[in-house]
Amino acid sequence: MVEHAAVASDLPTKGRVLVVDDDASLAEMLTIVLRQEGFDGRVVTRGDLALDAFHEYRPDVVLLDLMLPGKDGIDVCREIRAESGVPIVMLTAKGDTVDVVVGLESGADDYVVKPFKPKELVARIRARVRRNDRASQESLSIGDLAIDVAGHSVVRDGEVINLTPLEFDLLVCLARKPWQVFTREVLLEQVWGYRHAADTRLVNVHVQRLRSKVEHDPENPEIVVTVRGVGYKAGTG
Amino acid sequence: MLRARAPRRLPGALRRGLTFWRRSILARVVASTVILTALVIAGVGWLLLQQTRDGLLDDRVAAVTREAADEVREANGRLVSAPGQDSDASEQRRDITDLIIGRGSTRGYGVVVAGPTGGGARIAEGGTESSADFSPSSVPLSLERHFERSGATSAWTFTTIARTDGDDTVVSHEPGIVVGSQVTLPSDGSTYNVYFLFPLKEQQDTIGLVTRTLLTAGVLMLLLVAGVSWLVTRQVVTPVRMARQVAERLAAGRLQERLRVTGEDDLARLATSFNQMASNLQRQIRQLEELSRVQRRFVSDVSHELRTPLTTVRMAGDVLHDARRDFDPVTARAAELLQGELDRFETLLVDLLEISRFDAGAAVLEADDVNLVDVAHRVVDTTRALAEQRNVRLEIEAPDHPCLAEADVRRVERVVRNLVTNAIDHAHADGERTTTARVLIRVAGDEQAAAIAVRDYGVGLAPGESAMVFNRFWRADPARARTSGGTGLGLSISMEDTHLHGGWLQAWGRPGEGSQFRLTLPRRVAGSLRQSPLPLVPDDAPEPVR
């Protein structure tokens, strides 16, 4: 059920996208649109084949439908996240709270609700891929964490903390301006690349996940501090 | 208003007491039982006392009249049998007086001897002889009058006996019986009145004892009745109170609550019926929940089924649209139309799914503090392009302080955006776009609520239309073309969103004067709204024509 949708091209692609969706027409349409935008795409139509395809294809972004035959999209998301920080964008037909939050909590970086506009999806993918080639020689610290921006690593007491690229970006964004309180809207713009106001639950869920990794006590956060009624800021302590 | 209330204000303790009285069946039952019992006991006691007293006095009266008669007969006998008719009258009188007084003092009664009769002399005027510690004034005047002439039969009456000490001063009073009789001295034929004073001390003591006994018995009886009624009422009231508590918990949504059933009496059967009712309710609610769950599931499935193909069509349309320059003009135009209608179809689908989600009760509120001033600015920013295209000027009138309400920012923004785009749509009277029209967005907030009102100066609303605008797929004029491609569900969704917050969404309008839509949200989600910080009828509206 794995097929190559990419045509041979001499031009280097902007990135490889793994499309996991059971709807063949939609999947094919997605690869057509992605190819037009310069991405290389591959389609998997079953959830239980997704992980194998992921290993073989090494995509830069995964587009993941939540309702899949073989294996639930949420489970696929967890499995991929367990071994890689690759950006995952959920394709969901349900914008309802529970589905979106469950998807985000299982490790997705972003989500797009069907029916989406192709340009919107491409913008999401670009935002997730672009951050990979933006690196500067910079060292930051927040709390007792040392952040090496170029090396993409976060160290506490000589111990490396594994963060997904998105969580890393979120932490760097806060750490660069420890004096500033970031509203959820500003974070959406700077970290996710949204130009318009979007779902602030994205920020909430990812801050929770980031906290569970970097805080000593996620119940009493000291590194990513909530400013009630405004947003978040880097902890000074 | 305060002044009108003041007289009704009661002291705290009294008010609490009254509240307790109104609320406690126990207190009322016990109190009324005690009062009724007290009345009955008082009546019975009074009757008993009366009977006892009458019996005692009747006995005593019979005894003392007999005794007095005996004394008089004996005295008369003594006088008749006295030796010689020549004896001195005063000596005879003294003898007989001493005799009677002597007998009286040994047998506990007093004697007053007055006379002779016919002289018109009163006892009070002196000239009487009496027992040592009895005052002659104990004899009432009425009895004295009875014996004003000789030959009167003996008579008795109740009186107050005055006791005297050695100096003839009155030291105490006590109830008693006075029996009067006449004695005729054989020596001079004159008649003397003899009054026997019998104290009723013993009888008084007996009555006192009986009274005390009755009182004690009555009080004990009252206490017993109060205790018994308290116990009995409590046995009934306690299950009722428990039933009330359980009913309250059931009403609060704890459907698994049940009453404990003990025994087989009426209360136990009440509890059983109550539990049955609760079980039936619980089952019905479960069924409804299940139904709602199925419906939600259906909506979700339909949503998925419709959205996926629509996404494919949408993308295909976009590809065609982007490539339309390569097509011949007819195909290119078809691609454009396809694109436009896809937008409309998509909006309609989204709106339909949204409203069916409301109908299924699946809409969830994600409440947080929202500043309506920010919301107004954001909405104006996003709708500015549309407004400029329509030649409409958007104005915001907001206070400097934030107008906060606990609300779901996504939904509130959707409501406000809807109201603003609606206002832009209808901002121009008669559909002319040559002059710049105004849309004014007012924001206000206070401790209880926050409100946004969107005012336009367009065609306005006909009478009765202000309620109908929120109906699904309602159109003011079916013939009028839709300009912004609204689905006809926008205001219905806004209304549902507002209801979800416990807020108000109201419309005002008058033909030719424009209209105003006002959204009012309570400061807290659970809070109740009493008034809006903004008037529904705008200040600049002309007075209604009557």
# chains A, B, ... in the order shown; residues from 1 in each chain; ligands from 1
$ select_by_dssp --residues "stretch 351-520 of chain B" --states "alpha helix (DSSP H)" --output "NGL selection string"
:B and (351-359 or 372-389 or 409-425 or 465-468 or 490-501)
$ interface_residues --of "chain A" --to "chain B" --cutoff "6 Å" --atoms "only C-alpha atoms" --output "list in words"
Leu26, Ala93, Lys114, Pro115 and Pro118 of chain A
$ atom_distance --atom1 "atom CA of B:His428" --atom2 "atom CA of B:Ser515"
11.5 Å
$ select_by_dssp --residues "stretch 81-183 of chain A" --states "strand (DSSP E)" --output "MDAnalysis selection string"
chainID A and resid 88:92 110:113 139:142 145:148 153:156 159:161 182:183
$ atom_distance --atom1 "atom CA of B:Gln339" --atom2 "atom CA of B:Thr421"
21.6 Å
$ residues_around --residues "A:Trp179" --least-positions-apart "5" --cutoff "12 Å" --atoms "only C-alpha atoms" --output "PyMOL selection string"
chain A and resi 142+173-174+225+232-236
$ write_last_selection --atoms "C-alpha atoms" --output "mmCIF file, in the first residue's frame"
data_model
loop_
_atom_site.group_PDB
_atom_site.id
_atom_site.type_symbol
_atom_site.label_atom_id
_atom_site.label_comp_id
_atom_site.auth_asym_id
_atom_site.auth_seq_id
_atom_site.Cartn_x
_atom_site.Cartn_y
_atom_site.Cartn_z
ATOM 1 C CA ILE A 142 16.647 29.977 31.371
ATOM 2 C CA CYS A 173 11.355 32.111 22.016
ATOM 3 C CA LEU A 174 10.644 32.606 25.698
ATOM 4 C CA VAL A 225 5.530 30.772 34.083
ATOM 5 C CA TYR A 232 3.482 33.117 29.445
ATOM 6 C CA LYS A 233 6.975 34.286 30.239
ATOM 7 C CA ALA A 234 10.322 32.789 31.079
ATOM 8 C CA GLY A 235 10.837 32.194 34.795
ATOM 9 C CA THR A 236 13.391 34.430 36.448
#
$ closest_residue --among "B:Leu320, B:Asp400, B:Leu79, B:Arg325" --to "A:Ile32" --atoms "only C-alpha atoms"
B:Leu320
$ residues_around --residues "stretch 255-262 of chain B" --least-positions-apart "6" --cutoff "7 Å" --atoms "only C-alpha atoms" --output "number ranges by chain"
B: 243, 246, 249, 268, 271-272, 275, 282
$ decode --residues "stretch 4-74 of chain A" --atoms "C-alpha atoms" --output "short mmCIF file (atom, residue, chain, number, x, y, z; two decimals), in the first residue's frame"
data_model
loop_
_atom_site.label_atom_id
_atom_site.label_comp_id
_atom_site.auth_asym_id
_atom_site.auth_seq_id
_atom_site.Cartn_x
_atom_site.Cartn_y
_atom_site.Cartn_z
CA HIS A 4 5.87 6.61 -4.52
CA ALA A 5 4.02 9.65 -5.67
CA ALA A 6 7.07 11.66 -6.32
CA VAL A 7 8.26 11.92 -9.86
CA ALA A 8 11.89 11.96 -10.64
CA SER A 9 13.09 15.50 -10.45
CA ASP A 10 16.51 17.00 -10.78
CA LEU A 11 15.63 19.92 -8.56
CA PRO A 12 16.36 19.45 -4.87
CA THR A 13 12.99 19.39 -3.05
CA LYS A 14 12.10 21.75 -0.23
CA GLY A 15 11.37 18.78 1.94
CA ARG A 16 9.89 15.36 2.14
CA VAL A 17 6.31 15.01 3.33
CA LEU A 18 4.76 11.75 4.45
CA VAL A 19 1.00 11.79 3.93
CA VAL A 20 -0.91 9.28 6.06
CA ASP A 21 -4.55 9.31 4.96
CA ASP A 22 -6.98 6.53 4.13
CA ASP A 23 -8.79 8.56 1.47
CA ALA A 24 -6.90 7.74 -1.75
CA SER A 25 -8.26 10.67 -3.71
CA LEU A 26 -7.42 13.18 -1.02
CA ALA A 27 -3.97 11.67 -0.58
CA GLU A 28 -3.25 11.84 -4.28
CA MET A 29 -4.57 15.39 -4.47
CA LEU A 30 -2.33 16.31 -1.55
CA THR A 31 0.76 14.98 -3.29
CA ILE A 32 -0.17 16.88 -6.45
CA VAL A 33 -0.49 20.13 -4.52
CA LEU A 34 2.69 19.47 -2.54
CA ARG A 35 4.63 18.71 -5.69
CA GLN A 36 3.43 21.97 -7.19
CA GLU A 37 4.83 23.72 -4.16
CA GLY A 38 8.15 21.94 -4.52
CA PHE A 39 7.82 19.24 -1.87
CA ASP A 40 8.38 15.57 -2.31
CA GLY A 41 5.51 13.47 -1.08
CA ARG A 42 4.71 9.89 -0.27
CA VAL A 43 1.33 8.39 0.64
CA VAL A 44 0.43 5.73 3.18
CA THR A 45 -3.22 4.78 3.44
CA ARG A 46 -3.09 2.52 6.48
CA GLY A 47 -2.19 3.34 10.03
CA ASP A 48 -0.28 0.12 10.67
CA LEU A 49 2.02 0.77 7.69
CA ALA A 50 2.79 4.33 8.65
CA LEU A 51 5.69 3.63 10.98
CA ASP A 52 7.52 1.42 8.46
CA ALA A 53 7.10 4.07 5.80
CA PHE A 54 8.36 6.66 8.26
CA HIS A 55 11.52 4.66 8.90
CA GLU A 56 12.17 4.09 5.24
CA TYR A 57 11.28 7.54 3.91
CA ARG A 58 12.69 9.78 6.72
CA PRO A 59 10.24 12.63 6.04
CA ASP A 60 10.71 16.22 7.18
CA VAL A 61 7.02 16.62 7.97
CA VAL A 62 4.24 14.08 8.59
CA LEU A 63 0.66 14.86 7.59
CA LEU A 64 -1.46 12.54 9.65
CA ASP A 65 -5.16 11.82 9.40
CA LEU A 66 -6.73 10.80 12.70
CA MET A 67 -9.17 8.20 11.40
CA LEU A 68 -7.18 5.44 9.82
CA PRO A 69 -7.71 1.79 9.08
CA GLY A 70 -5.31 -0.61 10.73
CA LYS A 71 -4.22 1.70 13.48
CA ASP A 72 -5.63 4.84 15.03
CA GLY A 73 -3.98 8.09 14.01
CA ILE A 74 -3.47 9.02 17.67
#
